[in-house]
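J.: My questions will all concern the structure given below.
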Amino acid sequence: MKQKIILVVDDEDNILNILDSCFTDLGYKVNTALNLEGTVKSLNVELPDIVFLDIVLPRIDGIDILKLLKKLKKDIVVVMMSGYVTEEKAKQALKLGAFDYINKPFTLDHVKDMMRLIDNTLLSL
């Protein structure tokens with residue numbers, strides 16, 4: 001089976017490092033981006049299967065990146081992340097096709113549980 005690719009987009013280095021290490025340990029190929037430019041650069045190299053995407057980013061809303069991702073790859077799995085998510089933003093993200101969202105701070109156990117759910121969902125497709 002092909003190794004799944006995860007892209008993590010967040011403007012906090014510590015979040016990128018923690019999730020990169022977690023997903024690598026779980027056997028995924030991981031790319032990271034701090035901003036829109038890094039995201040576009042990564043997408044030009046390879047389209048990920050799964051994206052963990054911060055809602056609040058400098059100069060762009062994560063919702064706008066979610067829309068771009070869904071145009072590029074309709075079946076991409078996107079998990080939105082935020083420490084400041086409002087119910088309205090979360091509902092908007094889900095309506096636009098986000099798989100789910102997690103609030104910061106989160107535990108690695110929560111992230112691993114989310115990945116098991118995603119893997120089970122992808123296997124059933």
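By order of appearance in the structure tokens: chains A, B, ..., then residues from 1 within every chain, and ligands from 1 in the order shown.
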Tell me, as a ChimeraX atom specification, which residues lie within 7 Å of region 44-54 of chain A, counting only C-alpha atoms; anything in the same chain fewer than 4 positions away does not count.
T.: /A:4-10,40,62,76-82
J.: Would you mind exporting the chosen residues as a compact mmCIF listing (two decimals), in the first residue's frame, restricted to N, CA and C atoms?
T.:
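again.txt written:
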# COMPACT_ATOMS: atom_id res chain seq x y z
N LYS A 4 0.86 7.14 2.83
CA LYS A 4 0.03 8.35 2.79
C LYS A 4 0.88 9.57 3.12
N ILE A 5 0.53 10.66 2.46
CA ILE A 5 1.24 11.93 2.64
C ILE A 5 0.36 12.87 3.45
N ILE A 6 0.94 13.45 4.49
CA ILE A 6 0.24 14.43 5.32
C ILE A 6 0.94 15.78 5.17
N LEU A 7 0.15 16.82 4.98
CA LEU A 7 0.65 18.19 5.00
C LEU A 7 0.10 18.85 6.26
N VAL A 8 0.99 19.45 7.05
CA VAL A 8 0.59 20.19 8.24
C VAL A 8 0.86 21.67 7.96
N VAL A 9 -0.19 22.49 8.06
CA VAL A 9 -0.06 23.93 7.83
C VAL A 9 -0.42 24.65 9.12
N ASP A 10 0.58 25.33 9.70
CA ASP A 10 0.37 26.07 10.94
C ASP A 10 1.46 27.12 11.05
N VAL A 40 1.54 26.47 -0.90
CA VAL A 40 1.52 26.40 -2.37
C VAL A 40 2.76 25.68 -2.88
N GLY A 62 -7.59 30.10 6.98
CA GLY A 62 -7.48 28.67 6.66
C GLY A 62 -8.66 28.17 5.85
N ILE A 76 -9.62 14.96 -0.78
CA ILE A 76 -8.59 15.21 0.22
C ILE A 76 -9.25 15.31 1.60
N VAL A 77 -8.57 14.74 2.60
CA VAL A 77 -9.07 14.77 3.97
C VAL A 77 -8.41 15.95 4.68
N VAL A 78 -9.24 16.89 5.15
CA VAL A 78 -8.70 18.09 5.81
C VAL A 78 -9.25 18.17 7.23
N VAL A 79 -8.34 18.27 8.18
CA VAL A 79 -8.70 18.47 9.58
C VAL A 79 -8.29 19.89 9.94
N MET A 80 -9.26 20.69 10.33
CA MET A 80 -8.99 22.07 10.70
C MET A 80 -8.55 22.12 12.17
N MET A 81 -7.64 23.05 12.47
CA MET A 81 -7.14 23.21 13.84
C MET A 81 -7.22 24.68 14.22
N SER A 82 -7.54 24.94 15.48
CA SER A 82 -7.47 26.31 15.95
C SER A 82 -7.63 26.40 17.45
J.: Quick check for you: according to DSSP on this backbone, which residues of region 16-99 of chain A are classed as strand (DSSP E or B)? Reply as a ChimeraX atom specification.
T.: /A:29-33,50-54,56-57,60-61,77-82
J.: For the interface of region 15-56 of chain A with region 101-121 of chain A (cut-off 12 Å, counting only C-alpha atoms), please tabulate each contacting residue of region 15-56 of chain A alongside its nearest pair of atoms and their separation in Å to one decimal, rows sorted by chain and increasing number, as a Markdown table.
T.:
| residue | atom | partner | partner_atom | distance |
| --- | --- | --- | --- | --- |
| A:Ile15 | CA | A:Pro105 | CA | 9.5 |
| A:Ile18 | CA | A:Leu108 | CA | 8.5 |
| A:Leu19 | CA | A:Leu108 | CA | 8.2 |
| A:Asp20 | CA | A:Leu108 | CA | 11.4 |
| A:Ser21 | CA | A:Leu108 | CA | 10.5 |
| A:Cys22 | CA | A:Leu108 | CA | 7.4 |
| A:Phe23 | CA | A:Lys112 | CA | 8.4 |
| A:Thr24 | CA | A:Lys112 | CA | 11.7 |
| A:Asp25 | CA | A:Lys112 | CA | 10.7 |
| A:Leu26 | CA | A:Lys112 | CA | 8.5 |
| A:Gly27 | CA | A:Met115 | CA | 11.3 |
| A:Tyr28 | CA | A:Met115 | CA | 10.4 |
| A:Asp49 | CA | A:Ile118 | CA | 10.4 |
| A:Ile50 | CA | A:Ile118 | CA | 8.7 |
| A:Val51 | CA | A:Met115 | CA | 11.0 |
| A:Phe52 | CA | A:Tyr101 | CA | 8.8 |
| A:Leu53 | CA | A:Tyr101 | CA | 9.0 |
| A:Asp54 | CA | A:Tyr101 | CA | 9.4 |
| A:Ile55 | CA | A:Tyr101 | CA | 9.4 |
| A:Val56 | CA | A:Lys104 | CA | 11.5 |
J.: May I have the selected residues written with N, CA and C atoms, as an mmCIF file, in the first residue's frame?
T.:
data_model
loop_
_atom_site.group_PDB
_atom_site.id
_atom_site.type_symbol
_atom_site.label_atom_id
_atom_site.label_comp_id
_atom_site.auth_asym_id
_atom_site.auth_seq_id
_atom_site.Cartn_x
_atom_site.Cartn_y
_atom_site.Cartn_z
ATOM 1 N N ILE A 15 4.017 23.499 16.795
ATOM 2 C CA ILE A 15 2.929 22.632 16.323
ATOM 3 C C ILE A 15 3.427 21.813 15.133
ATOM 4 N N ILE A 18 5.887 19.086 16.445
ATOM 5 C CA ILE A 18 5.212 18.030 17.209
ATOM 6 C C ILE A 18 4.434 17.108 16.269
ATOM 7 N N LEU A 19 3.647 17.696 15.354
ATOM 8 C CA LEU A 19 2.848 16.868 14.451
ATOM 9 C C LEU A 19 3.725 16.140 13.433
ATOM 10 N N ASP A 20 4.782 16.779 12.963
ATOM 11 C CA ASP A 20 5.713 16.120 12.041
ATOM 12 C C ASP A 20 6.268 14.858 12.698
ATOM 13 N N SER A 21 6.742 14.987 13.921
ATOM 14 C CA SER A 21 7.305 13.852 14.649
ATOM 15 C C SER A 21 6.251 12.770 14.896
ATOM 16 N N CYS A 22 5.068 13.171 15.318
ATOM 17 C CA CYS A 22 3.979 12.230 15.607
ATOM 18 C C CYS A 22 3.603 11.435 14.354
ATOM 19 N N PHE A 23 3.367 12.129 13.248
ATOM 20 C CA PHE A 23 2.923 11.457 12.020
ATOM 21 C C PHE A 23 4.043 10.613 11.400
ATOM 22 N N THR A 24 5.274 11.081 11.500
ATOM 23 C CA THR A 24 6.407 10.302 11.001
ATOM 24 C C THR A 24 6.520 8.999 11.788
ATOM 25 N N ASP A 25 6.380 9.092 13.106
ATOM 26 C CA ASP A 25 6.421 7.895 13.956
ATOM 27 C C ASP A 25 5.303 6.915 13.608
ATOM 28 N N LEU A 26 4.172 7.436 13.127
ATOM 29 C CA LEU A 26 3.039 6.591 12.746
ATOM 30 C C LEU A 26 3.197 6.010 11.335
ATOM 31 N N GLY A 27 4.278 6.401 10.626
ATOM 32 C CA GLY A 27 4.558 5.826 9.311
ATOM 33 C C GLY A 27 4.096 6.631 8.109
ATOM 34 N N TYR A 28 3.720 7.894 8.330
ATOM 35 C CA TYR A 28 3.293 8.749 7.226
ATOM 36 C C TYR A 28 4.467 9.562 6.699
ATOM 37 N N ASP A 49 -2.568 13.423 0.915
ATOM 38 C CA ASP A 49 -3.816 12.689 1.121
ATOM 39 C C ASP A 49 -4.613 13.300 2.262
ATOM 40 N N ILE A 50 -3.873 13.838 3.239
ATOM 41 C CA ILE A 50 -4.464 14.368 4.467
ATOM 42 C C ILE A 50 -3.779 15.695 4.786
ATOM 43 N N VAL A 51 -4.580 16.677 5.244
ATOM 44 C CA VAL A 51 -4.024 17.971 5.643
ATOM 45 C C VAL A 51 -4.547 18.336 7.020
ATOM 46 N N PHE A 52 -3.633 18.717 7.899
ATOM 47 C CA PHE A 52 -4.002 19.326 9.170
ATOM 48 C C PHE A 52 -3.741 20.818 8.990
ATOM 49 N N LEU A 53 -4.799 21.625 9.046
ATOM 50 C CA LEU A 53 -4.755 23.019 8.617
ATOM 51 C C LEU A 53 -5.250 23.962 9.703
ATOM 52 N N ASP A 54 -4.398 24.885 10.095
ATOM 53 C CA ASP A 54 -4.777 25.912 11.065
ATOM 54 C C ASP A 54 -5.796 26.851 10.422
ATOM 55 N N ILE A 55 -6.815 27.215 11.168
ATOM 56 C CA ILE A 55 -7.819 28.139 10.638
ATOM 57 C C ILE A 55 -7.289 29.568 10.625
ATOM 58 N N VAL A 56 -6.533 29.940 11.658
ATOM 59 C CA VAL A 56 -6.046 31.318 11.768
ATOM 60 C C VAL A 56 -4.583 31.366 11.336
#
J.: For CA of Glu37 (chain A) and CA of Glu88 (chain A), determine how far apart the two atoms are, in Å to one decimal place.
T.: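 Between these atoms lies a distance of 26.4 Å.
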J.: So, counting only C-alpha atoms, which residue among A:Ala98, A:Ile60, A:Val30, A:Leu16 is closest to Lys74 (chain A)?
T.: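 Using only C-alpha atoms, the shortest distance to Lys74 (chain A) belongs to A:Ala98.
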J.: What gap, in Å, lies between CA of Pro58 (chain A) and CA of Asp11 (chain A)?
T.: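 The value is 7.5 Å.
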J.: List every residue of chain A that DSSP, applied to the backbone of this structure, places in helix (DSSP H, G or I), and write the result as a count of residues only.
T.: 59
J.: Could you tell me how far CA of Gln92 (chain A) lies from CA of Leu122 (chain A), in Å and to one decimal?
T.: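 One can read the CA of Gln92 (chain A) to CA of Leu122 (chain A) distance as 22.6 Å.
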